[in-house]
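For reference, the structure discussed in these notes is given below.
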Amino acid sequence: MTRFLFSLILLASISLSAQQLKSPSEFLGYELGTQFTRHHEVVDYYEYLAESAPDRVQLTVYGKTNERRPLILAYVSSAENLANLETIRQEHLKDTEGAGNSSKAIVWLSYNVHGNESVSTEASMKTIYELLTKKSSYLENTVVIMDPCINPDGRDRYSNWYNQYKNTPYQVDPNSKEHHEGWWSGRSNHYMFDLNRDWAWLTQIESQQRLKMFNQWLPHVHVDFHEQGVNSPYYFAPAAEPYHEVITDFQRDFQVTLGRNHAKYFDANGWFYFTKEVFDLLYPSYGDTYPIYNGAIGMTYEQGGSGQAGLGIVTAIGDTLTLKDRIAHHFTTGLSTVEVSSQNAEKLNQEFRKFHQNKDFKYKSYVLKGEKDKLDALKSLLEKHNIEYGDLTSGSYKGHSYGSGSNGNLSINKNGMVVSTDQPKGTLVKVLFEPNAKLSDSLTYDITAWSLPYAYGLDAIASTSAITSQNTQETVPSSNIASGSYAYLTDWNSMDDARFLAALLKEGIRVRKADHPFTIEGRSFERGTLIITKGDNENKEDFILTLQSIATKFKKDITSTGTGFVDSGKDFGSSSIRMISKPKIAVLSGGPTSTLRFGEIWHFFEQQLHYPLTVIDDEYADRVDLYEYDVLVLPDGRYGNYFNEDELTELKGWVRKGGKIIAMGGSIDALDGEKGFGIQKKKLEEAENDENTPQPYKDWERERIKGAITGAIFKTKVDNSNPLAYGYGSDYFSLKLGSSAYAYLDNGNAVYLEQNTKPFSGFAGVEARKKISESLIFGIENHGRGQVIYMVDNPLFRGFWENGKLFFANAIFMVD
């Protein structure tokens with residue numbers, strides 16, 4: 001058989017296979033765009049394609065969501081490429097070390113990270129079908145990796161809600177119920193987290209499982225498909241300023257190349273679009289920036305629509321936007337992306353290799369020291385990112401001090417570590433560890449500060465020298481739990497300690513806390529030390545075995561003592577050594593609360609602290625007997641005058657009799673004022689404008705940000721004699737997300753800003769800095785036998801500000 005004849009037979013075979021493949025509409029039994037496809041039906045279609053064209057589609061389940069829905073990836077390429085997929089992958093990864101010789105373009109398409117931005121999953125089915133049929137030529141030198149739904153729980157929440165409430169036929173009137181989701185929309189995942197802000201922090205199970213797969217490939221091009229408001233035209237690359245300084249000229253230029261190709265197709269169809277205006281490339285935890293910092297061309301594509309659009313809606317200018325329209329737009333940019341990548345495979349490989357060559361960054365090493373628990377927490381995150389680190393046990397190091405904001409020294413005599421930029425993930429290291437990200441424009445889409453030494457509460461310096469790690473042996477915690485001891489002592493300074501305490505309380509073990517420092521048998525202990533006595537637990541069956549088991553699980557150092565008579569401080573029978581109660585906790589949901597802020601609390605209790613809480617929804621909260629609970633958490637949100645006078649009176653009565661409120665962010669507004677509690681909002685007096693010159697309209701946004709704080713890090717003062725601050729030093733770096741400010745309390749100011757403060761990292765407008773001067777961050781107001789705990793800043797923000805979480809644990813367990 002001649003080679004020519006063989007080629008004809010092969011082409012005929014491929015053509016026949018393409019004709020036999022069912023389109024999404026044929027497989028699903030309805031025209032794509034006339035219904036929202038549930039997640040299991042999407043999975044069914046992808047499984048069908050993998051079974052029908054196994055030489056060109058491979059499917060893998062890379063995990064499950066909290067609600068047990070599968071997370072899948074489809075590898076799509078030519079038969080020859082797919083037969084050599086592992087070889088292609090390994091050769092591509094060699095490029096991160098400068099040793100590869102890869103020639104294939106790797107394109108990763110991510111759909112539906114926000115559940116109610118539901119068009120993209122529909123578009124993914126049309127896109128994969130087209131790649132396997134009419135556009136198969138794109139696949140000859142390209143491997144396309146498709147994640148049809150990053151957020152299945154949110155997507156099904158939306159599609160099930162829409163299918164329940166839509167009119168038949170669908171109603172385009174924006175006032176119809178089908179265009180108005182309830183409080184818990186489909187945008188977020190099970191725990192109400194925004195998965196598009198979680199790429200770097202990896203707090204969510206979807207992100208953790210996805211990143212394992214992402215790191216196995218590190219694609220050349222990554223697209224994150226989104227939706228925005230119904231009245232917005234389509235957005236695609238190039239992105240808006242600010243671009244992070246590590247982004248290469250090629251990454252910038254290739255975004256333009258892709259954008260021009262998209263524009264060609266949109267122009268031909270008369271579709272509207274915009275570029276370069278809104279979505280910047282700075283914050284590292286997005287689906288466009290995180291891939292960029294790993295060497296990819298990362299991009300966000302935004303279609304007008306979101307959960308409001310449904311199957312069709314009339315826009316502000318009187319046009320009707322349908323789901324079919326939205327599918328067509330995402331389908332077009334998706335194919336255009338693969339097309340351009342295929343045409344530029346050689347260049348993509350060359351630039352990917354160059355990206356991973358050692359960069360001449362100013363800081364070559366980041367040296368950190370602190371409590372072992374905090375170092376271990378950071379190490380765990382770095383391991384998930386495949387970031388290399390080393391241990392340090394001794395030495396003195398010079399560089400930029402994170403604590404002072406200027407040059408300084410850091411001496412290590414035990415718990416230390418070093419992270420270098422001289423590694424394949426060096427660019428990501430710089431972005432995550434740099435003291436202060438350089439801003440080319442102060443108008444940003446998200447927070448402008450996130451540096452990990454601040455987030456994890458570690459002393460650190462950034463060094464211009466390359467520092468090598470030292471060989472160390474991990475020390476095994478000492479758990480001297482002798483059955484005949486009087487008491488067992490352990491420290492309190494990390495979330496591991498909080499988890500240890502929560503586990504003890506759940507097992508019925510009684511625990512006391514020290515409200516004053518003390519020394520006993522020659523050892524010193526700080527405020528917050530946990531004291532577990534034999535006498536308190538004499539009726540607890542298997543007390544020692546249970547304590548030993550929990551201590552081992554949480555790797556806790558336990559000190560046994562044969563006496564309660566201290567060398568200095570308070571003896572264990574003192575009223576200052578108080579029992580920690582096992583609180584019953586309620587959290588308000590719905591109504592005035594933010595879903596994202598509620599979700600952070602929900603996730604904190606269930607997935608981080610592992611302690612039970614009761615969710616009380618706003619719809620029936622007035623019928624709940626609050627006296628059944630010890631703690632009420634009010635998440636951040638828009639409360640306004642949420643509590644009327646009678647409700648405030650009832651709430652104050654509950655607190656007077658021993659109840660505890662933890663008020664966060666905007667909920668504080670509902671408690672201040674003459675009829676509320678004692679906290680007072682600060683107001684900034686407007687400065688006189690000598691010139692009294694009206695500002696041009698075009699400058700209104702620049703003027704507005706003078707009063708804004710876009711996620712900046714401030715150094716605050718800590719009163720660590722306050723039980724809300726047990727386990728902390730004299731300073732705390734707080735991530736401030738806005739300019740809301742409250743005056744100091746008469747007493748109980750645990751964490752606060754002093755006068756003339758400025759951010760250590762990130763942007764804060766000049767007027768905002770004036771407003772927050774001498775203001776409260778965290779504090780306690782005693783009211784009768786109870787307390788109101790104010791958290792102006794959010795220590796649980798997006799689940800990644802690790803050093804703030806102990807404040808919340810203190811509010812639960814230490815404040816009494």
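Please note that chains go A, B, ... in the order of the structure tokens, that every chain numbers its residues from 1, and that ligands are numbered from 1 in the order shown.
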Going by DSSP on the backbone, which bits of region 384-446 of chain A are strand (DSSP E)? Write them as a list in words, please.
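Selection result, strand (DSSP E) within region 384-446 of chain A: Gly390, Asp391, Leu392, Gly395, Ser396, Tyr397, Lys398, Gly399, His400, Ser401, Asn407, Gly408, Asn409, Leu410, Ser411, Ile412, Gly416, Met417, Val418, Val419 and Ser420 of chain A.
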Quick one: residues within 7 Å of Val256 (chain A), only C-alpha atoms, excluding same-chain residues fewer than 3 positions away - as a ChimeraX atom specification?
/A:237-238,252-253,259-260
Enumerate as a PyMOL selection string all residues of region 125-251 of chain A assigned to alpha helix (DSSP H) by DSSP on the backbone, naming them with the chain letters and numbers the document uses.
chain A and resi 125-132+152-165+205-217+249-251
For the residues in that selection, give me C-alpha atoms as a JSON list (two decimals), in the first residue's frame.
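File written: out-v8.json
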```json
[["chain", "number", "residue", "atom", "x", "y", "z"],
["A", 125, "MET", "CA", -19.33, 21.37, 24.86],
["A", 126, "LYS", "CA", -19.70, 23.17, 21.56],
["A", 127, "THR", "CA", -15.97, 23.99, 21.54],
["A", 128, "ILE", "CA", -14.75, 20.43, 22.10],
["A", 129, "TYR", "CA", -17.12, 19.11, 19.44],
["A", 130, "GLU", "CA", -15.84, 21.65, 16.92],
["A", 131, "LEU", "CA", -12.21, 20.80, 17.74],
["A", 132, "LEU", "CA", -12.92, 17.13, 17.10],
["A", 152, "PRO", "CA", -20.01, 22.18, 39.74],
["A", 153, "ASP", "CA", -21.69, 22.85, 43.10],
["A", 154, "GLY", "CA", -22.32, 26.50, 42.26],
["A", 155, "ARG", "CA", -23.34, 25.74, 38.69],
["A", 156, "ASP", "CA", -25.93, 23.17, 39.71],
["A", 157, "ARG", "CA", -27.18, 25.49, 42.43],
["A", 158, "TYR", "CA", -27.83, 28.09, 39.73],
["A", 159, "SER", "CA", -29.17, 25.81, 37.00],
["A", 160, "ASN", "CA", -31.51, 24.00, 39.41],
["A", 161, "TRP", "CA", -32.75, 27.35, 40.74],
["A", 162, "TYR", "CA", -33.28, 28.71, 37.24],
["A", 163, "ASN", "CA", -35.06, 25.60, 36.01],
["A", 164, "GLN", "CA", -37.33, 25.86, 39.02],
["A", 165, "TYR", "CA", -38.28, 29.52, 38.65],
["A", 205, "ILE", "CA", -10.94, 21.53, 47.90],
["A", 206, "GLU", "CA", -11.64, 22.36, 44.25],
["A", 207, "SER", "CA", -8.57, 24.60, 44.07],
["A", 208, "GLN", "CA", -6.32, 22.11, 45.81],
["A", 209, "GLN", "CA", -7.25, 19.26, 43.49],
["A", 210, "ARG", "CA", -7.13, 21.40, 40.34],
["A", 211, "LEU", "CA", -3.68, 22.78, 41.11],
["A", 212, "LYS", "CA", -2.21, 19.28, 41.35],
["A", 213, "MET", "CA", -3.25, 18.79, 37.73],
["A", 214, "PHE", "CA", -2.20, 22.28, 36.67],
["A", 215, "ASN", "CA", 1.31, 21.76, 38.05],
["A", 216, "GLN", "CA", 1.59, 18.55, 36.08],
["A", 217, "TRP", "CA", 1.24, 20.59, 32.88],
["A", 249, "ASP", "CA", 7.10, 41.68, 27.15],
["A", 250, "PHE", "CA", 6.16, 38.51, 25.29],
["A", 251, "GLN", "CA", 3.27, 37.81, 27.66]]
```
From the list A:Thr333, A:Thr34, A:Thr289, A:Ser341, which residue is nearest Tyr243 (chain A) when using only C-alpha atoms?
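Checking each of A:Thr333, A:Thr34, A:Thr289, A:Ser341 against Tyr243 (chain A), counting only C-alpha atoms, the winner is A:Thr289.
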Kindly assemble as a tab-separated table a list of the region 31-77 of chain A residues that lie within 12 Å of region 114-124 of chain A, each paired with its nearest atom pair and their distance in Å to one decimal, using only C-alpha atoms, sorted first by chain and then by ascending residue number.
```
residue	atom	partner	partner_atom	distance
A:Glu31	CA	A:Glu122	CA	10.9
A:Leu32	CA	A:Glu122	CA	7.2
A:Gly33	CA	A:Glu122	CA	7.4
A:Thr34	CA	A:Glu122	CA	10.4
A:Gln35	CA	A:Glu122	CA	9.5
A:Phe36	CA	A:Glu122	CA	7.7
A:Thr37	CA	A:Glu122	CA	7.2
A:Arg38	CA	A:Thr121	CA	9.8
A:His39	CA	A:Thr121	CA	9.0
A:His40	CA	A:Thr121	CA	12.0
A:Glu41	CA	A:Glu122	CA	10.8
A:Val42	CA	A:Thr121	CA	7.9
A:Val43	CA	A:Thr121	CA	10.6
A:Tyr45	CA	A:Ser124	CA	10.9
A:Tyr46	CA	A:Ser124	CA	10.0
A:Leu73	CA	A:Ser124	CA	11.6
A:Ala74	CA	A:Ser124	CA	10.6
```
9 Å contact set for region 614-619 of chain A, only C-alpha atoms, chain neighbours under 3 positions out, as a ChimeraX atom specification:
/A:584-593,602,622,624
Would you export the selected residues with N, CA and C atoms as a compact mmCIF listing (two decimals), in the first residue's frame, please?
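The new file out-v6.txt reads:
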```
# COMPACT_ATOMS: atom_id res chain seq x y z
N LYS A 584 -21.60 27.13 72.79
CA LYS A 584 -22.54 26.79 71.71
C LYS A 584 -22.68 28.04 70.85
N ILE A 585 -22.37 27.89 69.56
CA ILE A 585 -22.17 29.05 68.69
C ILE A 585 -23.21 29.11 67.59
N ALA A 586 -23.72 30.31 67.36
CA ALA A 586 -24.66 30.55 66.26
C ALA A 586 -24.08 31.63 65.35
N VAL A 587 -24.37 31.52 64.06
CA VAL A 587 -23.94 32.55 63.10
C VAL A 587 -25.15 32.94 62.25
N LEU A 588 -25.31 34.23 62.04
CA LEU A 588 -26.42 34.73 61.23
C LEU A 588 -26.09 34.57 59.75
N SER A 589 -27.08 34.11 58.99
CA SER A 589 -26.93 34.02 57.53
C SER A 589 -28.09 34.74 56.86
N GLY A 590 -27.98 34.90 55.54
CA GLY A 590 -29.05 35.53 54.78
C GLY A 590 -29.15 37.03 55.05
N GLY A 591 -30.27 37.59 54.61
CA GLY A 591 -30.60 38.98 54.89
C GLY A 591 -29.46 39.94 54.67
N PRO A 592 -28.98 40.55 55.76
CA PRO A 592 -27.99 41.62 55.61
C PRO A 592 -26.56 41.12 55.42
N THR A 593 -26.31 39.84 55.56
CA THR A 593 -24.92 39.36 55.56
C THR A 593 -24.40 39.14 54.15
N TRP A 602 -18.22 30.03 58.06
CA TRP A 602 -18.68 28.64 57.94
C TRP A 602 -17.49 27.70 57.68
N ASP A 622 -35.82 35.81 64.18
CA ASP A 622 -36.61 36.42 65.25
C ASP A 622 -37.42 35.40 66.04
N VAL A 624 -36.01 32.46 67.01
CA VAL A 624 -35.04 31.60 67.69
C VAL A 624 -34.77 32.14 69.09
```
Considering only C-alpha atoms, return as an NGL selection string whatever protein or nucleic-acid residues lie within 12 Å of Glu339 (chain A), sequence-local ones (same chain, fewer than 6 positions apart) excluded.
:A and (105-107 or 131 or 135-144 or 221 or 257-258 or 261-262 or 332-333 or 345)
Given the choices A:Thr533, A:Ser775, A:Gln350, A:Ser420, which gets closest to His92 (chain A) if the distance is worked out from only C-alpha atoms?
A:Gln350
